[in-house]
$ cat run20.cif   # mmCIF, C-alpha atoms
data_my_file
#
loop_
_atom_site.label_atom_id
_atom_site.label_comp_id
_atom_site.auth_asym_id
_atom_site.auth_seq_id
_atom_site.Cartn_x
_atom_site.Cartn_y
_atom_site.Cartn_z
CA MET I 1 -24.64 -1.75 -25.66
CA ALA I 2 -23.06 -1.88 -29.13
CA LEU I 3 -19.86 -3.23 -27.63
CA TYR I 4 -21.82 -5.91 -25.79
CA SER I 5 -23.56 -7.08 -28.97
CA ILE I 6 -20.21 -7.19 -30.84
CA LYS I 7 -18.70 -9.22 -28.00
CA SER I 8 -21.66 -11.57 -27.91
CA SER I 9 -21.64 -12.12 -31.69
CA ILE I 10 -17.90 -12.96 -31.56
CA LEU I 11 -18.38 -15.35 -28.63
CA ASN I 12 -21.26 -17.12 -30.42
CA ALA I 13 -19.57 -17.30 -33.82
CA PRO I 14 -19.10 -20.92 -35.03
CA LEU I 15 -15.41 -20.27 -35.71
CA TYR I 16 -14.80 -19.06 -32.15
CA GLN I 17 -16.82 -21.91 -30.67
CA GLY I 18 -14.95 -24.42 -32.84
CA ALA I 19 -11.58 -23.06 -31.72
CA LEU I 20 -12.75 -23.16 -28.10
CA ASN I 21 -13.84 -26.80 -28.41
CA SER I 22 -10.55 -27.79 -30.08
CA MET I 23 -8.64 -26.04 -27.30
CA ARG I 24 -10.67 -27.86 -24.67
CA SER I 25 -10.10 -31.19 -26.33
CA ILE I 26 -6.32 -30.57 -26.48
CA LYS I 27 -6.32 -29.57 -22.80
CA GLN I 28 -8.33 -32.67 -21.86
CA LYS I 29 -5.95 -34.92 -23.80
CA GLY I 30 -3.00 -33.27 -22.03
CA LEU I 31 -4.68 -33.83 -18.67
CA ASN I 32 -5.37 -37.49 -19.53
CA ILE I 33 -1.68 -38.12 -20.25
CA LEU I 34 -0.69 -37.08 -16.72
CA PRO I 35 -0.93 -39.86 -14.13
CA ASN I 36 -3.05 -39.54 -10.98
CA ALA I 37 -1.16 -39.01 -7.73
CA ASN I 38 -2.69 -39.43 -4.28
CA PHE I 39 -0.64 -38.59 -1.23
CA SER I 40 -1.09 -40.39 2.06
CA ASP I 41 2.17 -39.74 3.93
CA GLU I 42 1.17 -37.72 7.01
CA LYS I 43 4.59 -36.09 7.36
CA PHE I 44 4.61 -34.95 3.71
CA LEU I 45 1.08 -33.54 3.99
CA TYR I 46 1.98 -31.78 7.23
CA TYR I 47 4.94 -30.00 5.55
CA LEU I 48 2.88 -29.19 2.45
CA ASN I 49 0.20 -27.67 4.67
CA TYR I 50 2.88 -25.77 6.61
CA ILE I 51 4.37 -24.37 3.39
CA GLY I 52 0.94 -23.26 2.13
CA LYS I 53 0.32 -21.42 5.39
CA ASN I 54 3.75 -19.98 6.17
CA PHE I 55 5.78 -19.67 2.97
CA SER I 56 5.54 -15.94 2.27
CA SER I 57 7.43 -13.80 -0.22
CA ASP I 58 10.47 -13.29 2.06
CA LYS I 59 11.07 -17.04 2.12
CA GLN I 60 10.45 -17.21 -1.62
CA ARG I 61 13.12 -14.53 -2.16
CA LEU I 62 15.54 -16.51 0.04
CA ALA I 63 14.81 -19.71 -1.92
CA LEU I 64 15.36 -17.81 -5.19
CA GLY I 65 18.68 -16.44 -3.92
CA VAL I 66 20.03 -19.77 -2.69
CA THR I 67 19.11 -21.59 -5.92
CA ALA I 68 20.43 -18.63 -7.94
CA LEU I 69 23.86 -19.16 -6.36
CA ALA I 70 23.77 -22.74 -7.61
CA THR I 71 22.68 -21.98 -11.18
CA GLN I 72 23.51 -18.44 -12.39
CA PRO I 73 27.31 -18.43 -11.83
CA PHE I 74 27.37 -21.78 -13.64
CA ILE I 75 25.49 -20.29 -16.62
CA ASP I 76 27.88 -17.30 -16.74
CA ALA I 77 30.95 -19.53 -16.34
CA HIS I 78 29.84 -21.52 -19.40
CA ASN I 79 28.96 -18.51 -21.58
CA LYS I 80 31.05 -19.37 -24.65
CA ARG I 81 30.34 -16.03 -26.29
CA VAL I 82 32.87 -14.17 -24.12
CA ASP I 83 36.56 -14.81 -23.42
CA GLU I 84 37.89 -16.42 -20.22
CA LYS I 85 38.81 -13.22 -18.36
CA THR I 86 35.42 -11.70 -19.08
CA ARG I 87 33.73 -14.86 -17.89
CA LYS I 88 35.53 -14.62 -14.54
CA VAL I 89 34.51 -10.99 -14.06
CA SER I 90 30.93 -11.77 -15.02
CA VAL I 91 30.79 -14.72 -12.57
CA ALA I 92 32.13 -12.47 -9.77
CA ARG I 93 29.56 -9.81 -10.61
CA THR I 94 26.71 -12.33 -10.71
CA VAL I 95 27.66 -13.80 -7.30
CA ALA I 96 27.93 -10.28 -5.84
CA LYS I 97 24.55 -9.32 -7.33
CA ILE I 98 22.87 -12.42 -5.91
CA ILE I 99 24.32 -11.93 -2.40
CA ALA I 100 23.44 -8.22 -2.27
CA GLY I 101 19.97 -8.69 -3.81
CA THR I 102 19.06 -11.68 -1.65
CA LEU I 103 20.26 -10.08 1.60
CA THR I 104 18.34 -6.84 1.11
CA GLY I 105 15.36 -8.53 -0.61
CA PHE I 106 14.90 -11.03 2.23
CA LEU I 107 15.50 -8.65 5.13
CA ILE I 108 13.28 -5.86 3.82
CA ARG I 109 10.42 -8.24 2.97
CA TYR I 110 10.77 -9.92 6.38
CA GLY I 111 10.81 -6.56 8.19
CA CYS I 112 7.83 -5.18 6.26
CA ILE I 113 5.70 -8.31 6.80
CA LYS I 114 6.50 -8.16 10.55
CA SER I 115 5.64 -4.43 10.62
CA ILE I 116 2.33 -4.98 8.84
CA LYS I 117 1.47 -7.63 11.45
CA ALA I 118 2.10 -5.05 14.18
CA PHE I 119 -0.07 -2.45 12.44
CA SER I 120 -2.97 -4.69 11.44
CA GLN I 121 -4.47 -5.61 14.77
CA ILE I 122 -8.15 -6.09 15.42
CA PRO I 123 -9.77 -2.89 16.76
CA GLY I 124 -10.86 -3.17 20.38
CA LYS I 125 -10.29 -2.03 23.94
CA GLY I 126 -6.66 -1.12 24.66
CA VAL I 127 -5.64 -1.27 20.98
CA ALA I 128 -4.31 2.08 19.77
CA LYS I 129 -5.83 3.32 16.50
CA TYR I 130 -2.46 3.46 14.72
CA LYS I 131 -2.08 -0.27 15.33
CA THR I 132 -5.15 -0.93 13.16
CA ILE I 133 -4.07 1.24 10.21
CA PHE I 134 -3.61 -1.80 7.92
CA THR I 135 -6.64 -3.77 9.16
CA PRO I 136 -9.27 -4.22 6.43
CA LYS I 137 -12.82 -3.10 7.25
CA GLY I 138 -15.06 -5.72 8.83
CA VAL I 139 -12.33 -8.16 9.89
CA THR I 140 -12.87 -9.33 13.46
CA ASP I 141 -10.64 -12.43 13.64
CA ASN I 142 -6.88 -12.23 13.23
CA THR I 143 -6.28 -15.97 13.53
CA THR I 144 -7.66 -17.06 10.13
CA ASP I 145 -5.41 -18.21 7.27
CA ALA I 146 -6.97 -15.62 4.98
CA PHE I 147 -5.97 -12.78 7.31
CA GLU I 148 -2.45 -14.16 7.69
CA GLN I 149 -2.08 -14.34 3.88
CA TYR I 150 -3.43 -10.78 3.58
CA ARG I 151 -0.73 -9.58 6.00
CA ASN I 152 1.95 -11.35 3.93
CA ALA I 153 0.62 -9.82 0.70
CA MET I 154 0.37 -6.30 2.14
CA GLY I 155 3.85 -6.61 3.70
CA THR I 156 5.26 -7.68 0.34
CA VAL I 157 3.67 -4.74 -1.52
CA VAL I 158 5.05 -2.27 1.06
CA ALA I 159 8.47 -3.98 0.84
CA LEU I 160 8.50 -3.61 -2.95
CA GLY I 161 7.88 0.13 -2.56
CA VAL I 162 10.74 0.39 -0.03
CA MET I 163 13.07 -1.59 -2.29
CA VAL I 164 12.71 0.84 -5.18
CA PHE I 165 14.85 3.17 -3.05
CA THR I 166 17.09 0.64 -1.27
CA ASN I 167 18.05 -0.74 -4.70
CA PHE I 168 19.99 2.44 -5.36
CA LEU I 169 21.00 3.13 -1.75
CA ILE I 170 22.11 -0.39 -0.70
CA ASP I 171 22.05 -2.99 -3.52
CA ALA I 172 23.98 -1.10 -6.20
CA PRO I 173 26.92 0.06 -3.98
CA LEU I 174 27.05 -3.30 -2.16
CA THR I 175 27.14 -5.16 -5.48
CA LYS I 176 29.97 -2.91 -6.70
CA PHE I 177 31.94 -3.43 -3.48
CA LEU I 178 31.48 -7.23 -3.50
CA THR I 179 32.33 -7.49 -7.22
CA ASN I 180 35.60 -5.60 -6.71
CA THR I 181 36.45 -7.75 -3.68
CA PHE I 182 35.78 -11.00 -5.60
CA VAL I 183 37.71 -9.84 -8.69
CA LYS I 184 40.72 -8.82 -6.55
CA HIS I 185 40.61 -12.16 -4.76
CA GLN I 186 40.43 -13.96 -8.11
CA GLU I 187 43.42 -12.00 -9.43
CA LEU I 188 45.45 -12.89 -6.33
CA GLU I 189 44.53 -16.55 -6.76
CA ASP I 190 45.56 -16.44 -10.44
CA LYS I 191 48.97 -14.95 -9.54
CA LYS I 192 49.76 -17.81 -7.10
CA MET K 193 -7.83 9.32 0.02
CA ALA K 194 -8.81 7.38 3.17
CA ASN K 195 -11.55 5.69 1.16
CA LEU K 196 -9.07 4.72 -1.55
CA PHE K 197 -6.74 3.14 1.02
CA SER K 198 -9.65 1.31 2.63
CA ASN K 199 -10.72 -0.06 -0.78
CA PHE K 200 -7.13 -1.12 -1.48
CA LYS K 201 -6.93 -3.05 1.82
CA ASN K 202 -10.25 -4.78 1.12
CA MET K 203 -9.16 -5.65 -2.44
CA MET K 204 -5.92 -7.19 -1.10
CA TYR K 205 -7.80 -9.16 1.56
CA LYS K 206 -10.42 -10.42 -0.90
CA ASN K 207 -8.01 -11.39 -3.69
CA TYR K 208 -5.02 -12.77 -1.84
CA GLY K 209 -6.44 -13.85 1.52
CA GLU K 210 -7.19 -17.34 0.25
CA ASN K 211 -4.77 -17.52 -2.67
CA PRO K 212 -1.15 -17.43 -1.47
CA GLY K 213 0.10 -18.95 -4.76
CA THR K 214 -1.53 -16.20 -6.83
CA MET K 215 -0.15 -13.61 -4.41
CA LEU K 216 3.41 -14.89 -4.95
CA VAL K 217 2.99 -14.71 -8.76
CA HIS K 218 1.43 -11.22 -8.73
CA THR K 219 3.86 -9.67 -6.23
CA GLY K 220 6.71 -11.30 -8.18
CA VAL K 221 5.53 -9.60 -11.38
CA LEU K 222 5.09 -6.31 -9.51
CA GLY K 223 8.66 -6.69 -8.23
CA TRP K 224 9.98 -7.15 -11.76
CA ILE K 225 7.95 -4.14 -13.02
CA LEU K 226 9.34 -1.92 -10.24
CA SER K 227 12.86 -3.20 -10.95
CA ALA K 228 12.39 -2.41 -14.64
CA MET K 229 11.14 1.09 -13.85
CA ALA K 230 14.16 1.65 -11.59
CA GLN K 231 16.51 0.37 -14.32
CA VAL K 232 15.04 2.59 -17.02
CA SER K 233 14.89 5.68 -14.79
CA ALA K 234 18.50 5.05 -13.67
CA VAL K 235 19.52 5.53 -17.31
CA VAL K 236 17.06 8.34 -18.11
CA PHE K 237 18.10 10.51 -15.13
CA ASN K 238 21.84 9.77 -15.25
CA ASP K 239 23.63 12.96 -16.36
CA LYS K 240 26.89 11.09 -16.97
CA ILE K 241 25.30 9.21 -19.90
CA SER K 242 25.24 11.15 -23.18
CA LYS K 243 22.12 11.52 -25.34
CA GLU K 244 23.57 9.17 -27.97
CA GLN K 245 24.32 6.51 -25.38
CA LYS K 246 20.84 6.93 -23.90
CA SER K 247 19.26 6.33 -27.29
CA PHE K 248 21.03 2.95 -27.30
CA LEU K 249 20.67 2.08 -23.61
CA ILE K 250 17.01 2.96 -23.00
CA PRO K 251 15.57 0.56 -25.65
CA GLN K 252 18.02 -2.09 -24.37
CA GLU K 253 16.82 -1.65 -20.78
CA ILE K 254 13.18 -1.79 -21.93
CA ALA K 255 13.85 -5.00 -23.89
CA ASP K 256 15.67 -6.44 -20.84
CA ALA K 257 12.68 -5.59 -18.68
CA ALA K 258 10.27 -7.16 -21.17
CA ILE K 259 12.28 -10.42 -21.14
CA ASN K 260 12.32 -10.46 -17.33
CA ILE K 261 8.64 -9.67 -16.82
CA ILE K 262 7.23 -11.86 -19.60
CA SER K 263 9.34 -14.92 -18.83
CA PHE K 264 8.60 -14.63 -15.09
CA TYR K 265 4.86 -14.26 -15.61
CA VAL K 266 4.46 -16.89 -18.34
CA ILE K 267 6.54 -19.58 -16.62
CA THR K 268 5.48 -18.98 -13.02
CA SER K 269 1.77 -18.59 -13.74
CA SER K 270 1.82 -21.64 -16.06
CA PHE K 271 3.30 -23.76 -13.26
CA LYS K 272 0.78 -22.39 -10.79
CA ASN K 273 -2.24 -22.79 -13.13
CA LEU K 274 -1.27 -26.33 -14.09
CA ALA K 275 -0.88 -27.30 -10.43
CA SER K 276 -4.24 -25.68 -9.57
CA LYS K 277 -5.94 -27.55 -12.41
CA LEU K 278 -4.43 -30.87 -11.32
CA VAL K 279 -5.73 -30.32 -7.78
CA SER K 280 -9.18 -29.00 -8.75
CA THR K 281 -9.80 -31.96 -11.09
CA GLY K 282 -8.55 -34.48 -8.52
CA LYS K 283 -5.54 -35.65 -10.56
CA LEU K 284 -3.38 -34.53 -7.65
CA SER K 285 -4.99 -35.28 -4.33
CA THR K 286 -4.76 -36.80 -0.88
CA ILE K 287 -6.02 -40.28 -0.06
CA LYS K 288 -8.58 -38.73 2.29
CA ILE K 289 -10.05 -36.50 -0.45
CA LYS K 290 -9.92 -39.32 -3.01
CA ASN K 291 -11.75 -41.76 -0.71
CA TYR K 292 -14.42 -39.15 -0.01
CA ILE K 293 -14.97 -38.50 -3.72
CA ASN K 294 -15.10 -42.25 -4.45
CA SER K 295 -17.84 -42.63 -1.85
CA LYS K 296 -19.93 -39.77 -3.28
CA VAL K 297 -19.53 -40.03 -7.06
CA LYS K 298 -21.10 -42.75 -9.24
CA ASN K 299 -18.25 -43.01 -11.70
CA PRO K 300 -15.04 -41.75 -10.06
CA SER K 301 -12.79 -42.61 -13.02
CA GLU K 302 -14.87 -40.29 -15.25
CA TYR K 303 -15.13 -37.57 -12.62
CA ILE K 304 -11.45 -37.40 -11.66
CA GLY K 305 -9.31 -35.76 -14.33
CA ASN K 306 -12.27 -34.26 -16.20
CA LEU K 307 -11.67 -30.65 -17.24
CA ASN K 308 -15.17 -29.73 -15.93
CA THR K 309 -14.50 -31.14 -12.46
CA ASN K 310 -14.16 -28.61 -9.68
CA ILE K 311 -13.83 -30.32 -6.30
CA GLU K 312 -14.04 -27.06 -4.36
CA LYS K 313 -17.46 -26.24 -5.89
CA ASP K 314 -18.81 -29.80 -5.98
CA PHE K 315 -17.83 -30.70 -2.41
CA PRO K 316 -17.86 -27.54 -0.27
CA GLU K 317 -17.88 -29.77 2.82
CA LEU K 318 -14.25 -30.74 1.99
CA LYS K 319 -13.14 -27.11 2.17
CA GLY K 320 -10.67 -27.36 5.10
CA ASP K 321 -8.65 -30.35 3.86
CA TYR K 322 -8.94 -29.36 0.20
CA LYS K 323 -7.91 -25.73 0.72
CA ALA K 324 -4.91 -26.66 2.87
CA PHE K 325 -3.68 -29.14 0.24
CA LYS K 326 -4.36 -26.77 -2.67
CA ASN K 327 -2.59 -23.81 -1.03
CA GLY K 328 0.45 -25.97 -0.33
CA VAL K 329 0.60 -27.25 -3.93
CA ASP K 330 0.04 -23.73 -5.33
CA VAL K 331 2.85 -22.23 -3.24
CA VAL K 332 5.29 -25.03 -4.15
CA ALA K 333 4.38 -24.73 -7.87
CA SER K 334 4.74 -20.92 -7.86
CA THR K 335 8.11 -21.15 -6.12
CA VAL K 336 9.45 -23.86 -8.45
CA GLY K 337 8.17 -21.85 -11.46
CA SER K 338 9.83 -18.67 -10.22
CA ILE K 339 13.12 -20.50 -9.58
CA ILE K 340 13.13 -21.97 -13.11
CA SER K 341 12.16 -18.63 -14.64
CA CYS K 342 14.49 -16.33 -12.64
CA ASN K 343 17.50 -18.62 -12.30
CA ILE K 344 17.58 -20.62 -15.52
CA VAL K 345 15.43 -19.31 -18.38
CA THR K 346 15.83 -15.55 -17.86
CA PRO K 347 19.66 -15.52 -17.44
CA VAL K 348 20.08 -17.66 -20.58
CA LEU K 349 17.74 -15.42 -22.63
CA ARG K 350 19.36 -12.28 -21.24
CA ASN K 351 22.91 -13.50 -21.98
CA GLU K 352 21.82 -14.34 -25.52
CA TYR K 353 20.21 -10.94 -26.02
CA ALA K 354 23.07 -9.00 -24.37
CA ALA K 355 25.68 -10.80 -26.51
CA GLN K 356 23.73 -9.95 -29.67
CA LYS K 357 23.34 -6.29 -28.66
CA GLN K 358 27.04 -6.03 -27.71
CA ARG K 359 28.08 -7.44 -31.09
CA GLU K 360 25.92 -4.86 -32.84
CA ALA K 361 27.29 -2.02 -30.72
CA ILE K 362 30.91 -3.08 -31.23
CA ALA K 363 30.31 -3.26 -34.97
CA ARG K 364 28.81 0.23 -34.84
CA MET K 365 31.81 1.53 -32.83
CA HIS K 366 34.17 0.16 -35.48
CA GLY K 367 32.02 1.64 -38.23
CA GLN K 368 31.30 -1.73 -39.72
CA ASP K 369 28.18 -3.26 -41.09
CA LYS K 370 27.04 -5.23 -38.04
CA LYS K 371 25.56 -8.13 -39.95
CA ASN K 372 28.31 -8.66 -42.50
CA GLU K 373 31.50 -7.84 -40.64
CA ILE K 374 31.05 -9.46 -37.24
CA PRO K 375 30.44 -13.18 -37.51
CA LYS K 376 28.05 -14.64 -34.94
CA THR K 377 30.63 -16.98 -33.51
CA ASP K 378 33.13 -14.20 -32.62
CA LYS K 379 34.00 -13.91 -28.97
CA ILE K 380 33.86 -10.53 -27.32
CA SER K 381 37.26 -9.31 -26.13
CA MET K 382 37.92 -7.93 -22.64
CA ASP K 383 38.56 -4.45 -24.06
CA SER K 384 35.25 -4.39 -25.87
CA TYR K 385 33.47 -5.76 -22.82
CA ILE K 386 34.95 -3.06 -20.57
CA LYS K 387 33.98 -0.38 -23.10
CA MET K 388 30.41 -1.66 -23.23
CA ALA K 389 30.22 -2.22 -19.47
CA SER K 390 31.34 1.33 -18.79
CA MET K 391 28.49 2.59 -20.96
CA LYS K 392 25.92 0.45 -19.24
CA TYR K 393 24.49 1.12 -15.78
CA PRO K 394 24.73 -2.01 -13.61
CA SER K 395 21.03 -2.65 -13.99
CA GLY K 396 21.14 -6.34 -13.11
CA SER K 397 21.74 -5.39 -9.49
CA LEU K 398 18.39 -3.67 -9.39
CA LYS K 399 16.33 -6.88 -9.17
CA VAL K 400 14.21 -6.53 -6.04
#
$ encode --input "run20.cif" --output "C-alpha cells"
Amino acid sequence: MALYSIKSSILNAPLYQGALNSMRSIKQKGLNILPNANFSDEKFLYYLNYIGKNFSSDKQRLALGVTALATQPFIDAHNKRVDEKTRKVSVARTVAKIIAGTLTGFLIRYGCIKSIKAFSQIPGKGVAKYKTIFTPKGVTDNTTDAFEQYRNAMGTVVALGVMVFTNFLIDAPLTKFLTNTFVKHQELEDKK
Amino acid sequence: MANLFSNFKNMMYKNYGENPGTMLVHTGVLGWILSAMAQVSAVVFNDKISKEQKSFLIPQEIADAAINIISFYVITSSFKNLASKLVSTGKLSTIKIKNYINSKVKNPSEYIGNLNTNIEKDFPELKGDYKAFKNGVDVVASTVGSIISCNIVTPVLRNEYAAQKQREAIARMHGQDKKNEIPKTDKISMDSYIKMASMKYPSGSLKV
C-alpha cells in the first residue's frame, strides 16, 4: 500500500509529467520527420508475409552467419591495433568461429524446432500421449499462425539449452581444428 | 513440477504466439546470456588456469558478456520497436490498409503518424491483413537489428575493449605503469598476442 502511494505520487509529480510530455513531443517530432511509405507490390507483400510466418530462429542464425562472413573478417583484417601476422591469425580464427558456430547453431535450432513440432500435436484419437508433451493446455487447432510461432519459440528455447553443451563438445574443438587448418593454409600460401 | 511446465508452455504460447519479432529478440538475448554463462564457467572451472589469471580473466569475460548482451538487446529491440511503432501509427503500411483508414477516418493526415494512433486497437476488423504485415516488418527489423549488432557493432566494441585490456596486461607483465609506459598507438606484437591468447580461453567460439 505504501509502495503504491509512493509510486503514484512519483507518477503524478509535475516534474515527472513534464519530462514525460517533453519525451512524447521529441518522439512525435522524430516520427514526423520520417516519410510515410505504403506498399502495393503484391510480390513484395507476399514475401513479407512469408517471412513473418516462416522466418524462425534457425533461419535468423543462418542469416547472421552468412552476413558475419562478409563483415567480421573484414573488421579483423583492418584492426590497426595489431601487427600483420596477428591480423592474419585473428581473421582465420574469426572465419573458423563463424563456420563452426553457424553450422551447429543452425542445425541444432532446426532439429529442435522440428522435434517440438513432432511432440506438440493436438490430443485426440490415435495420438500417443508423448506426442502431446509440448502442446499447451486448451489448444485445439494446430494450423494457426500463433501455434506455429509457439512451436518455433519453444524449439529455440530447447535448442539454446542443448547448445550450452554442444558449445564445448562441438563448437570449441571444431573452431580449433578449422583455425589450425586455415593458418597452415595461409602459411603455405605465404611461402609460395 | 508438471504444473510448472504447463504454465511455462502457456506463457510461451501467450507471449510469443502472435509476436515472432519479439520472440527473435528475446531468444537472441537468452542465447547471449547462456553463451556468457558458458564463457565465464569455462574459466571458473578450468584447472589449468591459475588463481591469478582467473582474477584477470573472469572480470574480462563478464565485461565481454555485458558488451554482447547490452549491444544486442539495445540495438535489436530499438530496430524492432521503431518498426512496430511505424506500423501501428500507419507511417509504414500497405495500400489496402491505408485506403481503408482513409475511408473511415475524418482527418487521415492527422491520424496517420500520430503517436496515439494504434491501428490494431482502432480497427480490429483489419486484424488479418494488419497482423500479417506487422509480423513481416517486425521479423525483418529484428533480423536487420541483430545483424548490425552481432556483426558490426559488437565486434568493433569488443576489439576496442580487448586491445585496451591486452595493453594493460602487457604493461603489467613488464612491470610498467600501464598508463604512462605503453602509448595508446602501440601495436601489439605477435609474441605478446600469443602470450595473452594462451592465457585466454577461446570464449568467442561459445556464441550459440
$ atom_distance --input "run20.cif" --atom1 "atom CA of Phe74 of chain I" --atom2 "atom CA of Val91 of chain I"
7.9 Å
$ residues_around --input "run20.cif" --residues "segment 287-301 of chain K" --least-positions-apart "3" --cutoff "6 Å" --atoms "all atoms listed in the file" --output "list in words"
Asn38, Phe39 and Ser40 of chain I; Ile304 of chain K
$ closest_residue --input "run20.cif" --among "K:Leu249, K:Ala363, K:Val217, K:Ile259" --to "chain I" --atoms "all atoms listed in the file"
K:Val217
$ atom_distance --input "run20.cif" --atom1 "atom CA of Tyr46 of chain I" --atom2 "atom CA of Leu284 of chain K"
16.1 Å
$ atom_distance --input "run20.cif" --atom1 "atom CA of Thr219 of chain K" --atom2 "atom CA of Gly161 of chain I"
11.2 Å
$ closest_residue --input "run20.cif" --among "I:Thr181, I:Asn79, I:Asn152, I:Asn167" --to "Ala100 of chain I" --atoms "all atoms listed in the file"
I:Asn167
$ closest_residue --input "run20.cif" --among "K:Met193, K:Val221, K:Val348, K:Val279" --to "Lys326 of chain K" --atoms "only C-alpha atoms"
K:Val279
$ residues_around --input "run20.cif" --residues "segment 22-29 of chain I" --least-positions-apart "3" --cutoff "9 Å" --atoms "only C-alpha atoms" --output "PyMOL selection string"
(chain I and resi 17-19+32-33) or (chain K and resi 305-307)
$ axis_aligned_box --input "run20.cif" --around "segment 345-358 of chain K" --padding-each-side "5 Å" --output "JSON"
{"center_x": 21.2, "center_y": -12.7, "center_z": -23.6, "size_x": 21.6, "size_y": 23.3, "size_z": 22.2}
$ resolve_selection --input "run20.cif" --expression "the PyMOL selection byres ((chain I and resi 123) around 12)" --output "list of chain:residue names"
I:Phe119, I:Ser120, I:Gln121, I:Ile122, I:Gly124, I:Lys125, I:Gly126, I:Val127, I:Ala128, I:Lys129, I:Tyr130, I:Lys131, I:Thr132, I:Ile133, I:Phe134, I:Thr135, I:Pro136, I:Lys137, I:Gly138, I:Val139, I:Thr140, I:Asp141, I:Asn142
$ residues_near_point --input "run20.cif" --point "(-16.0, -30.2, -4.7)" --cutoff "12 Å" --atoms "all atoms listed in the file" --output "compact mmCIF listing (two decimals) with C-alpha atoms, in the coordinates of the input"
# COMPACT_ATOMS: atom_id res chain seq x y z
CA VAL K 279 -5.73 -30.32 -7.78
CA SER K 280 -9.18 -29.00 -8.75
CA THR K 281 -9.80 -31.96 -11.09
CA GLY K 282 -8.55 -34.48 -8.52
CA ILE K 289 -10.05 -36.50 -0.45
CA LYS K 290 -9.92 -39.32 -3.01
CA TYR K 292 -14.42 -39.15 -0.01
CA ILE K 293 -14.97 -38.50 -3.72
CA LYS K 296 -19.93 -39.77 -3.28
CA VAL K 297 -19.53 -40.03 -7.06
CA TYR K 303 -15.13 -37.57 -12.62
CA ILE K 304 -11.45 -37.40 -11.66
CA ASN K 308 -15.17 -29.73 -15.93
CA THR K 309 -14.50 -31.14 -12.46
CA ASN K 310 -14.16 -28.61 -9.68
CA ILE K 311 -13.83 -30.32 -6.30
CA GLU K 312 -14.04 -27.06 -4.36
CA LYS K 313 -17.46 -26.24 -5.89
CA ASP K 314 -18.81 -29.80 -5.98
CA PHE K 315 -17.83 -30.70 -2.41
CA PRO K 316 -17.86 -27.54 -0.27
CA GLU K 317 -17.88 -29.77 2.82
CA LEU K 318 -14.25 -30.74 1.99
CA LYS K 319 -13.14 -27.11 2.17
CA GLY K 320 -10.67 -27.36 5.10
CA ASP K 321 -8.65 -30.35 3.86
CA TYR K 322 -8.94 -29.36 0.20
CA LYS K 323 -7.91 -25.73 0.72
$ resolve_selection --input "run20.cif" --expression "the PyMOL selection byres ((chain I and resi 72) around 12)" --output "ChimeraX atom specification"
/I:64-71,73-79,90-99 /K:339-348,350-351
$ write_last_selection --input "run20.cif" --atoms "C-alpha atoms" --output "short mmCIF file (atom, residue, chain, number, x, y, z; two decimals), keeping the file's coordinate frame"
data_model
loop_
_atom_site.label_atom_id
_atom_site.label_comp_id
_atom_site.auth_asym_id
_atom_site.auth_seq_id
_atom_site.Cartn_x
_atom_site.Cartn_y
_atom_site.Cartn_z
CA LEU I 64 15.36 -17.81 -5.19
CA GLY I 65 18.68 -16.44 -3.92
CA VAL I 66 20.03 -19.77 -2.69
CA THR I 67 19.11 -21.59 -5.92
CA ALA I 68 20.43 -18.63 -7.94
CA LEU I 69 23.86 -19.16 -6.36
CA ALA I 70 23.77 -22.74 -7.61
CA THR I 71 22.68 -21.98 -11.18
CA PRO I 73 27.31 -18.43 -11.83
CA PHE I 74 27.37 -21.78 -13.64
CA ILE I 75 25.49 -20.29 -16.62
CA ASP I 76 27.88 -17.30 -16.74
CA ALA I 77 30.95 -19.53 -16.34
CA HIS I 78 29.84 -21.52 -19.40
CA ASN I 79 28.96 -18.51 -21.58
CA SER I 90 30.93 -11.77 -15.02
CA VAL I 91 30.79 -14.72 -12.57
CA ALA I 92 32.13 -12.47 -9.77
CA ARG I 93 29.56 -9.81 -10.61
CA THR I 94 26.71 -12.33 -10.71
CA VAL I 95 27.66 -13.80 -7.30
CA ALA I 96 27.93 -10.28 -5.84
CA LYS I 97 24.55 -9.32 -7.33
CA ILE I 98 22.87 -12.42 -5.91
CA ILE I 99 24.32 -11.93 -2.40
CA ILE K 339 13.12 -20.50 -9.58
CA ILE K 340 13.13 -21.97 -13.11
CA SER K 341 12.16 -18.63 -14.64
CA CYS K 342 14.49 -16.33 -12.64
CA ASN K 343 17.50 -18.62 -12.30
CA ILE K 344 17.58 -20.62 -15.52
CA VAL K 345 15.43 -19.31 -18.38
CA THR K 346 15.83 -15.55 -17.86
CA PRO K 347 19.66 -15.52 -17.44
CA VAL K 348 20.08 -17.66 -20.58
CA ARG K 350 19.36 -12.28 -21.24
CA ASN K 351 22.91 -13.50 -21.98
#
$ closest_residue --input "run20.cif" --among "I:Leu178, I:Cys112, I:Val164, I:Ile6" --to "chain K" --atoms "only C-alpha atoms"
I:Val164
$ closest_residue --input "run20.cif" --among "K:Ser285, K:Gln356, K:Ser233, K:Ser269" --to "Val336 of chain K" --atoms "all atoms listed in the file"
K:Ser269
$ closest_residue --input "run20.cif" --among "I:Thr156, I:Thr86, I:Asn49, I:Ser56" --to "Ile116 of chain I" --atoms "only C-alpha atoms"
I:Thr156
